[in-house]
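Undergrad: I'm passing along upload_26.csv; it holds CSV, C-alpha atoms.
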```csv
chain,number,residue,atom,x,y,z
A,284,MET,CA,14.8,-11.7,-8.6
A,285,SER,CA,13.2,-13.2,-11.8
A,286,ARG,CA,9.8,-12.0,-13.0
A,287,ASP,CA,9.2,-15.3,-14.7
A,288,ARG,CA,9.1,-17.2,-11.4
A,289,ARG,CA,6.0,-17.5,-9.2
A,290,CYS,CA,6.3,-15.1,-6.3
A,291,ALA,CA,5.2,-16.3,-2.8
A,292,ILE,CA,5.1,-14.1,0.3
A,293,VAL,CA,5.5,-16.1,3.6
A,294,THR,CA,4.9,-14.2,6.8
A,295,GLY,CA,6.6,-15.4,10.0
A,296,GLY,CA,9.0,-17.1,7.6
A,297,GLY,CA,12.0,-16.9,9.8
A,298,SER,CA,11.4,-20.0,11.9
A,299,GLY,CA,9.2,-23.0,12.6
A,300,ILE,CA,6.3,-23.7,10.2
A,301,GLY,CA,7.0,-20.5,8.3
A,302,ARG,CA,10.6,-21.4,7.6
A,303,ALA,CA,9.5,-24.9,6.4
A,304,ILE,CA,6.9,-23.3,4.1
A,305,ALA,CA,9.4,-20.8,2.7
A,306,LEU,CA,12.0,-23.5,2.0
A,307,ARG,CA,9.3,-25.7,0.3
A,308,PHE,CA,8.4,-22.9,-2.1
A,309,GLY,CA,12.1,-22.1,-2.6
A,310,ALA,CA,12.9,-25.7,-3.4
A,311,ALA,CA,10.3,-25.6,-6.2
A,312,GLY,CA,12.1,-22.7,-7.8
A,313,ASP,CA,9.7,-20.0,-6.6
A,314,SER,CA,10.8,-16.5,-5.7
A,315,VAL,CA,10.1,-16.3,-2.0
A,316,VAL,CA,9.6,-13.1,0.1
A,317,VAL,CA,10.5,-14.2,3.7
A,318,ALA,CA,8.9,-11.7,6.1
A,319,ASP,CA,9.6,-11.9,9.8
A,320,ALA,CA,9.6,-9.7,12.8
A,321,ASP,CA,13.2,-10.8,13.3
A,322,GLN,CA,15.1,-9.7,10.3
A,323,ASP,CA,18.1,-11.8,11.0
A,324,ARG,CA,16.1,-14.9,11.0
A,325,ALA,CA,14.5,-13.9,7.7
A,326,ILE,CA,17.9,-13.3,6.2
A,327,ALA,CA,19.1,-16.7,7.4
A,328,VAL,CA,16.1,-18.5,5.7
A,329,ALA,CA,16.5,-16.4,2.5
A,330,ARG,CA,20.1,-17.6,2.3
A,331,GLU,CA,19.0,-21.2,2.6
A,332,ILE,CA,16.6,-20.7,-0.2
A,333,ASP,CA,19.1,-19.0,-2.5
A,334,VAL,CA,20.9,-22.3,-2.8
A,335,HIS,CA,18.1,-23.5,-5.1
A,336,GLY,CA,15.8,-20.6,-5.8
A,337,GLU,CA,15.5,-16.9,-5.1
A,338,ALA,CA,14.6,-15.1,-1.9
A,339,LEU,CA,14.1,-11.7,-0.4
A,340,ALA,CA,14.3,-11.1,3.3
A,341,ILE,CA,12.2,-8.4,5.0
A,342,GLY,CA,12.1,-7.5,8.7
A,343,ALA,CA,8.5,-6.3,9.4
A,344,ASP,CA,5.7,-6.3,11.9
A,345,VAL,CA,2.7,-7.6,10.1
A,346,THR,CA,0.3,-6.1,12.6
A,347,VAL,CA,1.3,-2.7,11.2
A,348,ALA,CA,-0.3,-1.6,7.9
A,349,SER,CA,2.8,0.4,6.8
A,350,ASP,CA,5.1,-2.6,7.4
A,351,VAL,CA,2.7,-4.8,5.4
A,352,ALA,CA,2.7,-2.2,2.5
A,353,ARG,CA,6.5,-2.3,2.5
A,354,ILE,CA,6.5,-6.1,2.2
A,355,VAL,CA,4.1,-6.0,-0.8
A,356,GLU,CA,5.9,-3.1,-2.4
A,357,ALA,CA,9.2,-5.0,-2.2
A,358,ALA,CA,7.7,-8.1,-3.6
A,359,LEU,CA,6.2,-6.3,-6.6
A,360,ASP,CA,9.4,-4.3,-7.2
A,361,ALA,CA,11.4,-7.5,-7.3
A,362,ASN,CA,9.0,-9.8,-9.2
A,363,GLY,CA,6.3,-7.6,-10.8
A,364,ARG,CA,3.7,-10.0,-9.4
A,365,ILE,CA,2.4,-11.8,-6.3
A,366,ASP,CA,1.1,-15.3,-6.9
A,367,VAL,CA,0.9,-16.6,-3.4
A,368,LEU,CA,0.4,-15.2,0.1
A,369,VAL,CA,0.9,-17.5,3.1
A,370,ASN,CA,-0.4,-15.9,6.3
A,371,ASN,CA,1.7,-17.9,8.8
A,372,ALA,CA,2.8,-15.4,11.4
A,373,GLY,CA,1.0,-16.1,14.7
A,374,GLY,CA,1.4,-17.3,18.2
A,375,ALA,CA,-0.3,-17.9,21.6
A,376,ALA,CA,0.7,-16.6,25.0
A,377,ALA,CA,-2.4,-15.8,27.0
A,378,ASP,CA,-4.5,-18.5,28.5
A,379,GLY,CA,-7.9,-18.4,30.3
A,380,VAL,CA,-10.5,-15.6,30.1
A,381,LEU,CA,-9.9,-14.6,33.7
A,382,GLU,CA,-6.1,-14.6,33.3
A,383,THR,CA,-6.1,-12.6,30.0
A,384,ASP,CA,-6.0,-8.9,30.3
A,385,GLU,CA,-7.2,-6.5,27.6
A,386,GLN,CA,-3.7,-5.8,26.3
A,387,ALA,CA,-2.9,-9.4,25.9
A,388,TRP,CA,-6.2,-10.1,24.2
A,389,ASP,CA,-5.7,-7.3,21.7
A,390,ALA,CA,-2.1,-8.4,21.0
A,391,GLU,CA,-3.1,-11.9,20.2
A,392,LEU,CA,-6.0,-10.9,17.9
A,393,ALA,CA,-3.7,-8.4,16.2
A,394,LEU,CA,-1.1,-11.0,15.4
A,395,ASN,CA,-3.4,-13.9,14.6
A,396,LEU,CA,-6.3,-12.1,12.8
A,397,LYS,CA,-5.6,-8.5,12.1
A,398,ALA,CA,-2.3,-9.3,10.4
A,399,PRO,CA,-3.7,-11.8,7.9
A,400,PHE,CA,-6.5,-9.2,7.2
A,401,LEU,CA,-3.9,-6.5,6.5
A,402,CYS,CA,-1.7,-8.8,4.4
A,403,THR,CA,-4.7,-10.1,2.4
A,404,LYS,CA,-6.0,-6.6,1.8
A,405,ALA,CA,-2.5,-5.5,0.6
A,406,VAL,CA,-2.0,-8.3,-1.9
A,407,LEU,CA,-5.5,-8.5,-3.4
A,408,PRO,CA,-5.2,-5.6,-5.9
A,409,ALA,CA,-2.1,-7.1,-7.6
A,410,MET,CA,-3.7,-10.6,-7.6
A,411,ILE,CA,-7.0,-9.2,-9.0
A,412,GLU,CA,-5.2,-7.3,-11.7
A,413,ARG,CA,-3.5,-10.5,-12.9
A,414,GLY,CA,-6.8,-12.5,-12.4
A,415,ALA,CA,-5.1,-15.1,-10.3
A,416,GLY,CA,-3.8,-15.7,-6.8
A,417,ALA,CA,-3.7,-18.1,-3.9
A,418,ILE,CA,-4.0,-17.2,-0.3
A,419,VAL,CA,-3.2,-19.8,2.4
A,420,ASN,CA,-4.0,-19.0,6.0
A,421,ILE,CA,-2.4,-21.0,8.8
A,422,ALA,CA,-5.2,-21.4,11.3
A,423,SER,CA,-5.2,-24.1,14.1
A,424,VAL,CA,-7.2,-27.0,15.5
A,425,ASN,CA,-7.9,-24.4,18.2
A,426,ALA,CA,-10.3,-22.8,15.8
A,427,LEU,CA,-12.5,-25.9,15.9
A,428,ALA,CA,-12.4,-27.0,19.5
A,429,SER,CA,-11.8,-25.8,23.0
A,430,LEU,CA,-8.1,-26.5,23.5
A,431,ALA,CA,-7.1,-23.7,25.8
A,432,ASN,CA,-5.5,-20.3,24.8
A,433,GLU,CA,-8.8,-18.6,24.4
A,434,ALA,CA,-7.6,-15.4,22.7
A,435,TYR,CA,-5.6,-17.3,20.2
A,436,SER,CA,-8.4,-19.8,19.6
A,437,ALA,CA,-10.9,-17.0,19.0
A,438,ALA,CA,-8.6,-15.3,16.5
A,439,LYS,CA,-8.0,-18.5,14.6
A,440,ALA,CA,-11.7,-19.2,14.4
A,441,GLY,CA,-12.1,-15.7,13.0
A,442,LEU,CA,-9.3,-16.4,10.5
A,443,VAL,CA,-11.2,-19.5,9.2
A,444,ASN,CA,-14.3,-17.3,8.6
A,445,LEU,CA,-12.2,-14.6,6.9
A,446,THR,CA,-10.8,-17.3,4.6
A,447,GLN,CA,-14.2,-18.3,3.6
A,448,SER,CA,-15.3,-14.7,3.0
A,449,VAL,CA,-12.3,-13.9,0.8
A,450,ALA,CA,-12.9,-17.1,-1.1
A,451,VAL,CA,-16.5,-16.3,-1.8
A,452,ARG,CA,-16.1,-12.6,-2.6
A,453,TYR,CA,-13.0,-12.7,-4.7
A,454,GLY,CA,-13.3,-16.2,-6.3
A,455,PRO,CA,-15.0,-14.7,-9.4
A,456,LEU,CA,-11.9,-12.6,-9.9
A,457,GLY,CA,-9.6,-15.6,-9.9
A,458,ILE,CA,-8.5,-15.6,-6.2
A,459,ARG,CA,-8.5,-18.7,-4.1
A,460,ALA,CA,-8.3,-18.7,-0.3
A,461,ASN,CA,-7.9,-21.7,1.9
A,462,ALA,CA,-6.8,-22.4,5.5
A,463,ILE,CA,-4.9,-25.1,7.3
A,464,ALA,CA,-5.6,-26.2,10.8
A,465,PRO,CA,-2.4,-27.8,12.2
A,466,GLY,CA,-2.4,-29.9,15.4
A,467,THR,CA,0.6,-29.9,17.7
A,468,ILE,CA,3.7,-29.1,15.6
A,469,ARG,CA,7.2,-29.4,17.1
A,470,THR,CA,8.7,-26.0,16.5
A,471,PRO,CA,11.2,-23.8,18.4
A,472,GLY,CA,8.1,-22.2,20.0
A,473,TRP,CA,7.9,-25.2,22.2
A,474,ASP,CA,11.5,-24.9,23.5
A,475,GLU,CA,10.7,-22.9,26.6
A,476,ARG,CA,7.9,-25.3,27.5
A,477,LEU,CA,10.1,-28.3,27.0
A,478,GLN,CA,12.7,-26.9,29.4
A,479,ARG,CA,9.9,-26.8,32.1
A,480,ASP,CA,8.2,-30.0,31.0
A,481,ALA,CA,10.4,-32.4,29.1
A,482,ALA,CA,7.6,-35.0,28.8
A,483,ILE,CA,5.0,-32.8,27.3
A,484,PHE,CA,5.1,-34.4,23.8
A,485,GLU,CA,5.1,-37.9,25.3
A,486,ARG,CA,1.7,-37.0,26.9
A,487,LEU,CA,0.3,-35.2,23.9
A,488,VAL,CA,1.1,-37.9,21.4
A,489,LYS,CA,-1.4,-40.3,23.1
A,490,TRP,CA,-4.2,-38.1,21.7
A,491,TYR,CA,-3.0,-38.5,18.1
A,492,PRO,CA,-4.3,-41.5,16.1
A,493,LEU,CA,-1.2,-41.4,13.9
A,494,GLY,CA,1.0,-41.8,16.9
A,495,ARG,CA,3.3,-38.8,16.5
A,496,ILE,CA,3.6,-35.1,16.9
A,497,GLY,CA,3.5,-33.1,13.6
A,498,THR,CA,6.5,-31.5,12.0
A,499,PRO,CA,6.8,-28.1,10.1
A,500,ASP,CA,7.2,-30.0,6.9
A,501,ASP,CA,3.8,-31.6,7.3
A,502,VAL,CA,2.2,-28.2,7.2
A,503,ALA,CA,4.5,-27.0,4.5
A,504,ALA,CA,3.5,-29.8,2.2
A,505,ALA,CA,-0.2,-28.9,2.7
A,506,ALA,CA,0.4,-25.2,2.1
A,507,PHE,CA,2.4,-25.9,-1.1
A,508,PHE,CA,-0.5,-28.1,-2.4
A,509,LEU,CA,-3.2,-25.6,-1.6
A,510,ALA,CA,-1.2,-22.9,-3.4
A,511,SER,CA,-0.6,-25.1,-6.5
A,512,ASP,CA,-2.5,-25.6,-9.7
A,513,GLU,CA,-3.3,-29.1,-8.5
A,514,ALA,CA,-5.7,-27.4,-6.0
A,515,SER,CA,-7.2,-25.1,-8.7
A,516,TRP,CA,-10.8,-26.1,-7.8
A,517,ILE,CA,-10.3,-25.9,-4.1
A,518,THR,CA,-11.2,-22.7,-2.3
A,519,GLY,CA,-12.9,-21.7,1.0
A,520,THR,CA,-11.9,-24.9,2.6
A,521,LEU,CA,-10.1,-25.8,5.9
A,522,LEU,CA,-7.6,-28.6,5.7
A,523,ARG,CA,-6.9,-30.3,9.0
A,524,VAL,CA,-3.3,-31.3,9.3
A,525,ASP,CA,-3.6,-32.7,12.7
A,526,GLY,CA,-2.6,-36.4,12.7
A,527,GLY,CA,-6.3,-37.3,13.3
A,528,LEU,CA,-6.7,-35.4,16.5
A,529,LEU,CA,-10.1,-33.9,15.8
A,530,ALA,CA,-11.4,-37.1,14.2
A,531,GLY,CA,-12.0,-38.5,17.6
A,532,SER,CA,-10.4,-39.8,20.8
A,533,ALA,CA,-9.4,-43.5,20.9
A,534,ARG,CA,-8.7,-43.0,24.7
A,535,MET,CA,-12.3,-41.8,25.2
A,536,ALA,CA,-13.7,-44.6,23.1
A,537,ARG,CA,-11.8,-47.2,25.2
A,538,GLU,CA,-13.0,-45.7,28.4
A,539,LEU,CA,-16.6,-45.7,27.1
A,540,VAL,CA,-16.3,-49.3,26.0
A,541,ALA,CA,-14.7,-50.2,29.4
A,542,GLY,CA,-17.5,-48.4,31.2
A,543,ALA,CA,-20.2,-50.2,29.2
A,544,ALA,CA,-18.6,-53.6,30.0
A,545,ASP,CA,-18.6,-52.6,33.7
A,546,ASP,CA,-22.2,-51.7,33.6
A,547,GLN,CA,-23.1,-55.2,32.2
A,548,VAL,CA,-21.3,-57.0,35.1
```
Give the structure from the file, written as structure tokens.
TA:
Amino acid sequence: MSRDRRCAIVTGGGSGIGRAIALRFGAAGDSVVVADADQDRAIAVAREIDVHGEALAIGADVTVASDVARIVEAALDANGRIDVLVNNAGGAAADGVLETDEQAWDAELALNLKAPFLCTKAVLPAMIERGAGAIVNIASVNALASLANEAYSAAKAGLVNLTQSVAVRYGPLGIRANAIAPGTIRTPGWDERLQRDAAIFERLVKWYPLGRIGTPDDVAAAAFFLASDEASWITGTLLRVDGGLLAGSARMARELVAGAADDQV
């Protein structure tokens, strides 16, 4: 891999949003380190990137500090630098406080909050040494509103605060940290749900002012922007990539207006 290219690490880069982000950086000619718990998926994405750019695939569990250290060491060995970290690896399984046991709670906080902490801690020394670096954390609209999946939501809310803390503490050293809050994004993670409920997206889309469910490329474009020089004076922010979901509910507004009309009759 070339030491003249920008180096970007993307966790959870083997599928879904992470794959789209990795491909977006690769298409720009960056050296991309694709880290994923499934090494075969990471290799497949790296091969896609190699058509236009350079990529290194690493199978790793980002909730384990030694695995994270291995990712960072490989990135530095190959590139001599780390310019961008995208903390994308995450997921939700548990739902409801009463239905979530301690083991499930710990697992979701480990994947969605501990892992970004470990990865951030691991890349910061190299970024600080160069006096530059961009960290992009993939949070969720769940960090900002009650939308079920309580453990996941709590972890993503913590990730937003971690983003702000890193931005403030390490900004004077040239490090920028920002987060993205995606709404519903159609990824392979929905496949099992779609088998049980084929109409789920048809119901969900009614809540989105832009009238569609998001795509991984929507998030990838935002991540690429936040990591770019065009965002050089943006740090500590949360960019909502949610099709307008959290801006308000047109359905609720219509019902409120209808109710007001009824009251006047």
Undergrad: Using only C-alpha atoms, find the one residue out of A:Asp378, A:Ala481, A:Ser349, A:Ala415 that sits nearest to Ser429 in chain A.
TA: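 Result for the nearest residue to Ser429 in chain A: A:Asp378.
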Undergrad: With a distance cut-off of 10 Å and all atoms listed in the file, select the neighbouring residues of Ser423 in chain A, excluding the residue or stretch itself and same-chain residues fewer than 2 positions from it, and output the selection as a ChimeraX atom specification.
TA: /A:420-421,425-428,435-436,438-440,442-443,462-467,521-525
Undergrad: Which range 412-497 of chain A residues have any atom within 7 Å of an atom of range 501-512 of chain A, and for each, what is the nearest pair of atoms with distance in Å to one decimal, counting all atoms listed in the file, rows sorted by chain and number, as CSV?
TA:
```
residue,atom,partner,partner_atom,distance
A:Ala417,CA,A:Ala510,CA,5.4
A:Val419,CA,A:Ala506,CA,6.5
A:Pro465,CA,A:Val502,CA,6.8
A:Gly497,CA,A:Asp501,CA,6.5
```
Undergrad: So, with only C-alpha atoms as the atoms that count, which of A:Gly374, A:Gly336, A:Pro499, A:Gly454 lies closest to Leu394 in chain A?
TA: A:Gly374
Undergrad: At what distance in Å, to one decimal, does CA of Arg324 in chain A lie from CA of Gly342 in chain A?
TA: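 Those two atoms sit 8.7 Å apart.
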Undergrad: Which residue is closest to Val347 in chain A? Choose from A:Asp360, A:Ala310, A:Gly299, A:Cys402 and count only C-alpha atoms.
TA: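 Nearest candidate to Val347 in chain A out of A:Asp360, A:Ala310, A:Gly299, A:Cys402: A:Cys402.
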Undergrad: Which residue is closest to Asp344 in chain A? Choose from A:Ile326, A:Val367, A:Asn362, A:Ala398 and count only C-alpha atoms.
TA: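 Ranked by minimum distance to Asp344 in chain A, first place goes to A:Ala398.
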Undergrad: What's the 10 Å shell around range 312-321 of chain A, counting all atoms listed in the file, without same-chain residues fewer than 6 positions away, as a PyMOL selection string?
TA: chain A and resi 284-298+301-302+304-306+327-329+332-333+335-346+350-351+354-355+357-358+361-362+365-368+371-372
Undergrad: Once you have the residues from the selection above, write them out as a compact mmCIF listing (two decimals), in the coordinates of the input, restricted to C-alpha atoms.
TA:
```txt
# COMPACT_ATOMS: atom_id res chain seq x y z
CA MET A 284 14.80 -11.70 -8.60
CA SER A 285 13.20 -13.20 -11.80
CA ARG A 286 9.80 -12.00 -13.00
CA ASP A 287 9.20 -15.30 -14.70
CA ARG A 288 9.10 -17.20 -11.40
CA ARG A 289 6.00 -17.50 -9.20
CA CYS A 290 6.30 -15.10 -6.30
CA ALA A 291 5.20 -16.30 -2.80
CA ILE A 292 5.10 -14.10 0.30
CA VAL A 293 5.50 -16.10 3.60
CA THR A 294 4.90 -14.20 6.80
CA GLY A 295 6.60 -15.40 10.00
CA GLY A 296 9.00 -17.10 7.60
CA GLY A 297 12.00 -16.90 9.80
CA SER A 298 11.40 -20.00 11.90
CA GLY A 301 7.00 -20.50 8.30
CA ARG A 302 10.60 -21.40 7.60
CA ILE A 304 6.90 -23.30 4.10
CA ALA A 305 9.40 -20.80 2.70
CA LEU A 306 12.00 -23.50 2.00
CA ALA A 327 19.10 -16.70 7.40
CA VAL A 328 16.10 -18.50 5.70
CA ALA A 329 16.50 -16.40 2.50
CA ILE A 332 16.60 -20.70 -0.20
CA ASP A 333 19.10 -19.00 -2.50
CA HIS A 335 18.10 -23.50 -5.10
CA GLY A 336 15.80 -20.60 -5.80
CA GLU A 337 15.50 -16.90 -5.10
CA ALA A 338 14.60 -15.10 -1.90
CA LEU A 339 14.10 -11.70 -0.40
CA ALA A 340 14.30 -11.10 3.30
CA ILE A 341 12.20 -8.40 5.00
CA GLY A 342 12.10 -7.50 8.70
CA ALA A 343 8.50 -6.30 9.40
CA ASP A 344 5.70 -6.30 11.90
CA VAL A 345 2.70 -7.60 10.10
CA THR A 346 0.30 -6.10 12.60
CA ASP A 350 5.10 -2.60 7.40
CA VAL A 351 2.70 -4.80 5.40
CA ILE A 354 6.50 -6.10 2.20
CA VAL A 355 4.10 -6.00 -0.80
CA ALA A 357 9.20 -5.00 -2.20
CA ALA A 358 7.70 -8.10 -3.60
CA ALA A 361 11.40 -7.50 -7.30
CA ASN A 362 9.00 -9.80 -9.20
CA ILE A 365 2.40 -11.80 -6.30
CA ASP A 366 1.10 -15.30 -6.90
CA VAL A 367 0.90 -16.60 -3.40
CA LEU A 368 0.40 -15.20 0.10
CA ASN A 371 1.70 -17.90 8.80
CA ALA A 372 2.80 -15.40 11.40
```
Undergrad: Would you please work out which residue, of A:Met410, A:Val451, A:Ile517, A:Leu529, is nearest to Tyr491 in chain A when using all atoms listed in the file?
TA: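 Nearest candidate to Tyr491 in chain A out of A:Met410, A:Val451, A:Ile517, A:Leu529: A:Leu529.
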Undergrad: Report, in Å to a single decimal, how far apart CA of Gln447 in chain A and CA of Leu493 in chain A are.
TA: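 Distance between the two atoms: 28.4 Å.
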Undergrad: Between A:Arg413, A:Tyr453, A:Ile300, A:Gly519, which is the closest to Gly363 in chain A once you count only C-alpha atoms?
TA: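 The shortest atom-to-atom distance to Gly363 in chain A comes from A:Arg413.
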Undergrad: Please, what distance in Å, to one decimal, runs between CA of Val424 in chain A and CA of Thr446 in chain A?
TA: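 Straight-line distance from CA of Val424 in chain A to CA of Thr446 in chain A works out to 15.0 Å.
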Undergrad: Write out as a PyMOL selection string the residues lying within 9 Å of Phe400 in chain A, counting all atoms listed in the file and excluding same-chain residues fewer than 4 positions away.
TA: chain A and resi 396+404-405+442+445
Undergrad: Any chance you can output those residues with C-alpha atoms as a PDB file, in the frame of the given file?
TA:
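Listed below is the output, result-v5.pdb:
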```pdb
ATOM      1  CA  LEU A 396      -6.300 -12.100  12.800  1.00  0.00           C
ATOM      2  CA  LYS A 404      -6.000  -6.600   1.800  1.00  0.00           C
ATOM      3  CA  ALA A 405      -2.500  -5.500   0.600  1.00  0.00           C
ATOM      4  CA  LEU A 442      -9.300 -16.400  10.500  1.00  0.00           C
ATOM      5  CA  LEU A 445     -12.200 -14.600   6.900  1.00  0.00           C
TER       6      LEU A 445
END
```
Undergrad: Some atoms are absent from range 322-347 of chain A, so rebuild N, CA and C atoms and return them as a PDB file, in the frame of the given file.
TA:
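Wrote it out as result23.pdb, contents follow:
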```
ATOM      1  N   GLN A 322      14.483  -9.737  11.581  1.00  0.00           N
ATOM      2  CA  GLN A 322      15.100  -9.700  10.300  1.00  0.00           C
ATOM      3  C   GLN A 322      16.254 -10.616  10.085  1.00  0.00           C
ATOM      4  N   ASP A 323      17.014 -10.838  11.139  1.00  0.00           N
ATOM      5  CA  ASP A 323      18.100 -11.800  11.000  1.00  0.00           C
ATOM      6  C   ASP A 323      17.691 -13.170  10.698  1.00  0.00           C
ATOM      7  N   ARG A 324      16.581 -13.590  11.302  1.00  0.00           N
ATOM      8  CA  ARG A 324      16.100 -14.900  11.000  1.00  0.00           C
ATOM      9  C   ARG A 324      15.556 -14.975   9.544  1.00  0.00           C
ATOM     10  N   ALA A 325      14.922 -13.898   9.103  1.00  0.00           N
ATOM     11  CA  ALA A 325      14.500 -13.900   7.700  1.00  0.00           C
ATOM     12  C   ALA A 325      15.634 -13.952   6.743  1.00  0.00           C
ATOM     13  N   ILE A 326      16.708 -13.258   7.045  1.00  0.00           N
ATOM     14  CA  ILE A 326      17.900 -13.300   6.200  1.00  0.00           C
ATOM     15  C   ILE A 326      18.487 -14.695   6.141  1.00  0.00           C
ATOM     16  N   ALA A 327      18.528 -15.358   7.304  1.00  0.00           N
ATOM     17  CA  ALA A 327      19.100 -16.700   7.400  1.00  0.00           C
ATOM     18  C   ALA A 327      18.304 -17.673   6.483  1.00  0.00           C
ATOM     19  N   VAL A 328      16.971 -17.581   6.516  1.00  0.00           N
ATOM     20  CA  VAL A 328      16.100 -18.500   5.700  1.00  0.00           C
ATOM     21  C   VAL A 328      16.295 -18.115   4.218  1.00  0.00           C
ATOM     22  N   ALA A 329      16.344 -16.830   3.920  1.00  0.00           N
ATOM     23  CA  ALA A 329      16.500 -16.400   2.500  1.00  0.00           C
ATOM     24  C   ALA A 329      17.837 -16.977   1.960  1.00  0.00           C
ATOM     25  N   ARG A 330      18.871 -17.002   2.770  1.00  0.00           N
ATOM     26  CA  ARG A 330      20.100 -17.600   2.300  1.00  0.00           C
ATOM     27  C   ARG A 330      20.037 -19.061   2.043  1.00  0.00           C
ATOM     28  N   GLU A 331      19.249 -19.750   2.857  1.00  0.00           N
ATOM     29  CA  GLU A 331      19.000 -21.200   2.600  1.00  0.00           C
ATOM     30  C   GLU A 331      18.312 -21.378   1.268  1.00  0.00           C
ATOM     31  N   ILE A 332      17.331 -20.526   1.001  1.00  0.00           N
ATOM     32  CA  ILE A 332      16.600 -20.700  -0.200  1.00  0.00           C
ATOM     33  C   ILE A 332      17.407 -20.352  -1.452  1.00  0.00           C
ATOM     34  N   ASP A 333      18.302 -19.392  -1.337  1.00  0.00           N
ATOM     35  CA  ASP A 333      19.100 -19.000  -2.500  1.00  0.00           C
ATOM     36  C   ASP A 333      19.971 -20.074  -3.052  1.00  0.00           C
ATOM     37  N   VAL A 334      20.127 -21.155  -2.314  1.00  0.00           N
ATOM     38  CA  VAL A 334      20.900 -22.300  -2.800  1.00  0.00           C
ATOM     39  C   VAL A 334      20.193 -22.883  -4.045  1.00  0.00           C
ATOM     40  N   HIS A 335      18.858 -22.896  -4.032  1.00  0.00           N
ATOM     41  CA  HIS A 335      18.100 -23.500  -5.100  1.00  0.00           C
ATOM     42  C   HIS A 335      17.210 -22.514  -5.867  1.00  0.00           C
ATOM     43  N   GLY A 336      16.715 -21.519  -5.153  1.00  0.00           N
ATOM     44  CA  GLY A 336      15.800 -20.600  -5.800  1.00  0.00           C
ATOM     45  C   GLY A 336      16.204 -19.152  -5.567  1.00  0.00           C
ATOM     46  N   GLU A 337      15.225 -18.284  -5.372  1.00  0.00           N
ATOM     47  CA  GLU A 337      15.500 -16.900  -5.100  1.00  0.00           C
ATOM     48  C   GLU A 337      14.684 -16.425  -3.935  1.00  0.00           C
ATOM     49  N   ALA A 338      15.259 -15.532  -3.140  1.00  0.00           N
ATOM     50  CA  ALA A 338      14.600 -15.100  -1.900  1.00  0.00           C
ATOM     51  C   ALA A 338      14.920 -13.668  -1.583  1.00  0.00           C
ATOM     52  N   LEU A 339      13.973 -13.027  -0.934  1.00  0.00           N
ATOM     53  CA  LEU A 339      14.100 -11.700  -0.400  1.00  0.00           C
ATOM     54  C   LEU A 339      13.726 -11.675   1.024  1.00  0.00           C
ATOM     55  N   ALA A 340      14.573 -11.176   1.904  1.00  0.00           N
ATOM     56  CA  ALA A 340      14.300 -11.100   3.300  1.00  0.00           C
ATOM     57  C   ALA A 340      13.839  -9.745   3.752  1.00  0.00           C
ATOM     58  N   ILE A 341      12.746  -9.687   4.520  1.00  0.00           N
ATOM     59  CA  ILE A 341      12.200  -8.400   5.000  1.00  0.00           C
ATOM     60  C   ILE A 341      11.897  -8.507   6.466  1.00  0.00           C
ATOM     61  N   GLY A 342      12.444  -7.623   7.261  1.00  0.00           N
ATOM     62  CA  GLY A 342      12.100  -7.500   8.700  1.00  0.00           C
ATOM     63  C   GLY A 342      10.856  -6.623   8.775  1.00  0.00           C
ATOM     64  N   ALA A 343       9.765  -7.135   9.329  1.00  0.00           N
ATOM     65  CA  ALA A 343       8.500  -6.300   9.400  1.00  0.00           C
ATOM     66  C   ALA A 343       7.595  -6.861  10.446  1.00  0.00           C
ATOM     67  N   ASP A 344       6.779  -5.954  10.972  1.00  0.00           N
ATOM     68  CA  ASP A 344       5.700  -6.300  11.900  1.00  0.00           C
ATOM     69  C   ASP A 344       4.413  -6.320  11.137  1.00  0.00           C
ATOM     70  N   VAL A 345       3.882  -7.502  10.923  1.00  0.00           N
ATOM     71  CA  VAL A 345       2.700  -7.600  10.100  1.00  0.00           C
ATOM     72  C   VAL A 345       1.414  -7.178  10.724  1.00  0.00           C
ATOM     73  N   THR A 346       1.487  -6.707  11.965  1.00  0.00           N
ATOM     74  CA  THR A 346       0.300  -6.100  12.600  1.00  0.00           C
ATOM     75  C   THR A 346       0.225  -4.614  12.285  1.00  0.00           C
ATOM     76  N   VAL A 347       1.222  -4.085  11.579  1.00  0.00           N
ATOM     77  CA  VAL A 347       1.300  -2.700  11.200  1.00  0.00           C
ATOM     78  C   VAL A 347       1.105  -2.490   9.743  1.00  0.00           C
TER      79      VAL A 347
END
```
